[in-house]
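Contents: one structure, followed by commentary.
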Amino acid sequence: MKRAVGYIRVSTSDQAEFGVSLEFQVDSIKQHCLKNNFDLIEICKENFLEHSLNKLR
């Protein structure tokens with residue numbers, strides 16, 4: 001079985017709200033791995049919204 005690492009991210013509030021939320025991306029990656037016989041070993045998350053908010057503080 002092939003192994004895979006998923007990568008998810010959002011960089012704008014619009015992305016988070018309208019269909020490409022982190023949860024939506026995780027579900028899509030999991031479905032893809034199941035359909036294509038990949039062993040999903042990890043999902044890496046990057047949330048640029050959090051980074052941006054931290055810079056403003």
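Each chain in the structure tokens gets a letter, A, B, ..., in the order shown, and its residues are numbered from 1; ligands are numbered from 1 in order too.
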For Gln25 in chain A, find every residue with an atom within 12 Å (counting only C-alpha atoms), except residues of its own chain fewer than 3 positions away, and show them as a list in words.
Gly6, Tyr7, Ile8, Arg9, Val10, Gln15, Ala16, Phe18, Gly19, Val20, Ser21, Leu22, Ser28, Ile29, Lys30, Gln31, His32, Ile43, Cys44, Lys45 and Glu46 of chain A
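Candidate residues A:Glu17, A:Ser11, A:Leu34, A:Asp27 were compared for distance to Asn47 in chain A, and the nearest is A:Ser11, using only C-alpha atoms.
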DSSP on the backbone, then: every residue of chain A marked alpha helix (DSSP H), written as a PyMOL selection string.
chain A and resi 13-17+22-35+48-56
Interatomic distance, CA of Phe24 in chain A to CA of Arg3 in chain A (Å, one decimal):
20.9 Å
If you run DSSP over the backbone, which residues in chain A end up strand (DSSP E or B)? Put them as number ranges by chain.
A: 2-10, 38-47
Using only C-alpha atoms, determine which residues lie at most 7 Å from Ala4 in chain A, disregarding the query and same-chain residues fewer than 3 positions distant; provide the list as a ChimeraX atom specification.
/A:38-41
